[in-house]
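Peer 1: Got a structure for you, written out below as structure tokens; questions coming shortly.
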Amino acid sequence: MSEKKKALFICLGNICRSPIAEAVFLKTIADAGVAADWEVDSAAIGAWHVGKSPDHRALSTMKKHDLPYDNRARQIKKADFDKYDYIFGMDRENMSDLARLAPGAGSKAKQLLLGDFDGEAPGKMIRDPYYDDGAEGFEQCYVQCVRCCVGFLDKVNKGEI
């Protein structure tokens, strides 16, 4: 039996984008029949929301798309850079923060921009809906995450990553 692959999704507070990405990826790997081969989590750059549930609009969006979710926000730790194979940032600021937080050379995790796996708009940032009034931005985030997670898993399955 081979070791599980491990993916960690990061955003600023771990209450909007990264929980949605985590839930979407869990569904993506379940639908592909490879969920047993993966360990998946999400975390925050900052500690503002540690211990809290995701934003109610993120939870509503996940429920609308039948994505169960019960994790609570946590902050990324140095040990995560050696535990996970892939750490995904949602935007370029997340990527800069990850580079700053990562231990020195030799950590295991590949730091990747999730938007680079979007087949329709590669390199695009995952929309941050936190300051929106309604839930439309959360739906846009969900749609982007679906495309990106499918695109990432496809590249893994083809051995391109």
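FYI, nothing fancy with the structure tokens labels: chains A, B, ... in order, residues from 1 per chain, ligands from 1 as they appear.
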Neighbours of Asp128 (chain A) within 10 Å (only C-alpha atoms; same-chain residues fewer than 3 positions away dropped), as an MDAnalysis selection string?

Peer 2: chainID A and resid 11:12 16:18 90:91 125 131:132 137:138 140:141

Peer 1: Set the distance at 12 Å and use only C-alpha atoms: which residues neighbour Glu3 (chain A) once local chain neighbours fewer than 2 positions away are removed? I'd like the list as a short mmCIF file (atom, residue, chain, number, x, y, z; two decimals) with C-alpha atoms, in the first residue's frame.

Peer 2:
```cif
data_model
loop_
_atom_site.label_atom_id
_atom_site.label_comp_id
_atom_site.auth_asym_id
_atom_site.auth_seq_id
_atom_site.Cartn_x
_atom_site.Cartn_y
_atom_site.Cartn_z
CA MET A 1 0.00 0.00 0.00
CA LYS A 5 -1.12 11.98 -0.80
CA LYS A 6 -1.81 15.03 1.34
CA ALA A 36 -8.90 6.61 0.41
CA ASP A 37 -5.64 7.69 -1.23
CA TRP A 38 -5.80 11.25 0.12
CA GLU A 39 -5.67 13.26 3.33
CA LYS A 83 3.38 16.87 6.40
CA TYR A 84 1.60 17.88 3.19
CA ASP A 85 2.61 17.13 -0.38
#
```

Peer 1: Could you list, as a PDB file with N, CA and C atoms, in the first residue's frame, every residue within 9 Å of Leu98 (chain A), counting only C-alpha atoms and ignoring same-chain residues fewer than 6 positions away?

Peer 2:
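And here's result_12.pdb as it stands now:
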```pdb
ATOM      1  N   ILE A  10      -5.195  26.756   1.667  1.00  0.00           N
ATOM      2  CA  ILE A  10      -4.921  27.915   2.524  1.00  0.00           C
ATOM      3  C   ILE A  10      -5.625  29.155   1.985  1.00  0.00           C
ATOM      4  N   ILE A  45      -3.774  31.657   6.988  1.00  0.00           N
ATOM      5  CA  ILE A  45      -2.516  32.372   7.170  1.00  0.00           C
ATOM      6  C   ILE A  45      -2.516  33.018   8.555  1.00  0.00           C
ATOM      7  N   ILE A  87       0.441  22.320  -0.877  1.00  0.00           N
ATOM      8  CA  ILE A  87      -0.225  23.389  -0.138  1.00  0.00           C
ATOM      9  C   ILE A  87      -0.661  24.418  -1.169  1.00  0.00           C
ATOM     10  N   GLY A  89      -2.412  27.967  -2.216  1.00  0.00           N
ATOM     11  CA  GLY A  89      -2.851  29.311  -1.885  1.00  0.00           C
ATOM     12  C   GLY A  89      -3.962  29.712  -2.839  1.00  0.00           C
ATOM     13  N   GLN A 111       4.267  24.290  -3.015  1.00  0.00           N
ATOM     14  CA  GLN A 111       3.343  25.398  -2.820  1.00  0.00           C
ATOM     15  C   GLN A 111       2.795  25.798  -4.182  1.00  0.00           C
TER      16      GLN A 111
END
```

Peer 1: Could you tell me which of A:Asp41, A:Lys77, A:Arg147, A:Pro129 comes closest to Asp55 (chain A) if we count only C-alpha atoms?

Peer 2: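 Distance minimum relative to Asp55 (chain A) lands on A:Pro129.
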
Peer 1: Pick the closest to Val156 (chain A) from A:Val34, A:Leu67, A:Ile20, A:Pro122: which is it, counting only C-alpha atoms?

Peer 2: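 The answer is A:Val34, which sits nearest to Val156 (chain A).
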
Peer 1: Using only C-alpha atoms, which of the listed residues (A:Leu114, A:Gly134, A:Gly159, A:Gly151) sits closest to Met95 (chain A)?

Peer 2: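 Among the listed residues, A:Leu114 lies closest to Met95 (chain A).
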
Peer 1: CA of Glu93 (chain A) to CA of Ile76 (chain A): how many Å, to one decimal?

Peer 2: 14.9 Å

Peer 1: Would you mind writing down, as a CSV table (one decimal) with C-alpha atoms, in the first residue's frame, each residue of chain A that DSSP on the backbone assigns to alpha helix (DSSP H)?

Peer 2:
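Writing done, so here's out19.csv:
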```
chain,number,residue,atom,x,y,z
A,17,ARG,CA,-12.3,30.1,0.3
A,18,SER,CA,-10.1,27.3,1.8
A,19,PRO,CA,-13.0,25.5,3.4
A,20,ILE,CA,-14.9,25.6,0.2
A,21,ALA,CA,-11.8,24.3,-1.7
A,22,GLU,CA,-11.3,21.6,0.9
A,23,ALA,CA,-14.9,20.4,0.6
A,24,VAL,CA,-14.8,20.5,-3.2
A,25,PHE,CA,-11.6,18.5,-3.4
A,26,LEU,CA,-13.0,15.9,-1.0
A,27,LYS,CA,-16.0,15.5,-3.3
A,28,THR,CA,-13.7,15.5,-6.4
A,29,ILE,CA,-11.6,12.6,-5.0
A,30,ALA,CA,-14.7,10.8,-3.8
A,31,ASP,CA,-16.3,11.0,-7.2
A,56,HIS,CA,-22.4,31.3,7.2
A,57,ARG,CA,-22.5,32.1,3.4
A,58,ALA,CA,-19.7,29.5,2.8
A,59,LEU,CA,-21.6,26.9,4.8
A,60,SER,CA,-24.8,27.7,2.8
A,61,THR,CA,-23.0,27.4,-0.5
A,62,MET,CA,-21.5,24.1,0.6
A,63,LYS,CA,-24.9,22.8,1.7
A,64,LYS,CA,-26.5,24.0,-1.6
A,80,ASP,CA,2.4,21.4,7.7
A,81,PHE,CA,5.1,22.2,5.2
A,82,ASP,CA,6.6,18.8,5.9
A,83,LYS,CA,3.4,16.9,6.4
A,92,ARG,CA,-0.8,35.7,-4.9
A,93,GLU,CA,-0.8,37.3,-1.4
A,94,ASN,CA,-1.4,33.8,0.1
A,95,MET,CA,1.5,32.5,-2.0
A,96,SER,CA,3.8,35.3,-0.7
A,97,ASP,CA,2.7,34.6,2.9
A,98,LEU,CA,3.4,30.9,2.4
A,99,ALA,CA,6.8,31.6,1.1
A,100,ARG,CA,7.5,33.7,4.1
A,101,LEU,CA,6.1,31.2,6.6
A,136,GLU,CA,-23.0,35.4,-5.1
A,137,GLY,CA,-19.2,35.6,-4.6
A,138,PHE,CA,-19.3,32.4,-2.6
A,139,GLU,CA,-21.0,30.7,-5.5
A,140,GLN,CA,-18.3,32.1,-7.9
A,141,CYS,CA,-15.6,30.8,-5.5
A,142,TYR,CA,-17.3,27.4,-5.5
A,143,VAL,CA,-17.4,27.2,-9.3
A,144,GLN,CA,-13.7,28.2,-9.6
A,145,CYS,CA,-12.8,25.6,-7.0
A,146,VAL,CA,-14.6,22.8,-8.8
A,147,ARG,CA,-12.7,23.6,-12.1
A,148,CYS,CA,-9.4,23.9,-10.2
A,149,CYS,CA,-9.8,20.7,-8.1
A,150,VAL,CA,-10.8,18.7,-11.2
A,151,GLY,CA,-7.9,20.2,-13.1
A,152,PHE,CA,-5.4,19.4,-10.3
A,153,LEU,CA,-6.5,15.8,-9.8
A,154,ASP,CA,-6.3,15.3,-13.6
A,155,LYS,CA,-2.7,16.5,-13.6
A,156,VAL,CA,-1.9,14.2,-10.6
A,157,ASN,CA,-3.5,11.2,-12.3
```

Peer 1: Can you check which residues of region 80-154 of chain A DSSP gives as strand (DSSP E) on the backbone and send them as a list in words?

Peer 2: Tyr86, Ile87, Phe88, Gly89, Lys110, Gln111, Leu112 and Leu113 of chain A

Peer 1: Quick one: write out the picked residues with C-alpha atoms as a short mmCIF file (atom, residue, chain, number, x, y, z; two decimals), in the first residue's frame?

Peer 2:
```cif
data_model
loop_
_atom_site.label_atom_id
_atom_site.label_comp_id
_atom_site.auth_asym_id
_atom_site.auth_seq_id
_atom_site.Cartn_x
_atom_site.Cartn_y
_atom_site.Cartn_z
CA TYR A 86 0.67 20.09 -1.78
CA ILE A 87 -0.23 23.39 -0.14
CA PHE A 88 -2.55 25.55 -2.21
CA GLY A 89 -2.85 29.31 -1.88
CA LYS A 110 4.90 21.96 -3.18
CA GLN A 111 3.34 25.40 -2.82
CA LEU A 112 0.85 25.87 -5.62
CA LEU A 113 -1.62 28.53 -6.69
#
```

Peer 1: Within 9 Å of Asp70 (chain A), counting only C-alpha atoms, which residues qualify if same-chain residues fewer than 2 places away don't, as a PyMOL selection string?

Peer 2: chain A and resi 53-54+68+72

Peer 1: Which one is closest to Trp48 (chain A): A:Ala35, A:Ile15, A:Ala7, A:Ala121? Count only C-alpha atoms.

Peer 2: A:Ile15
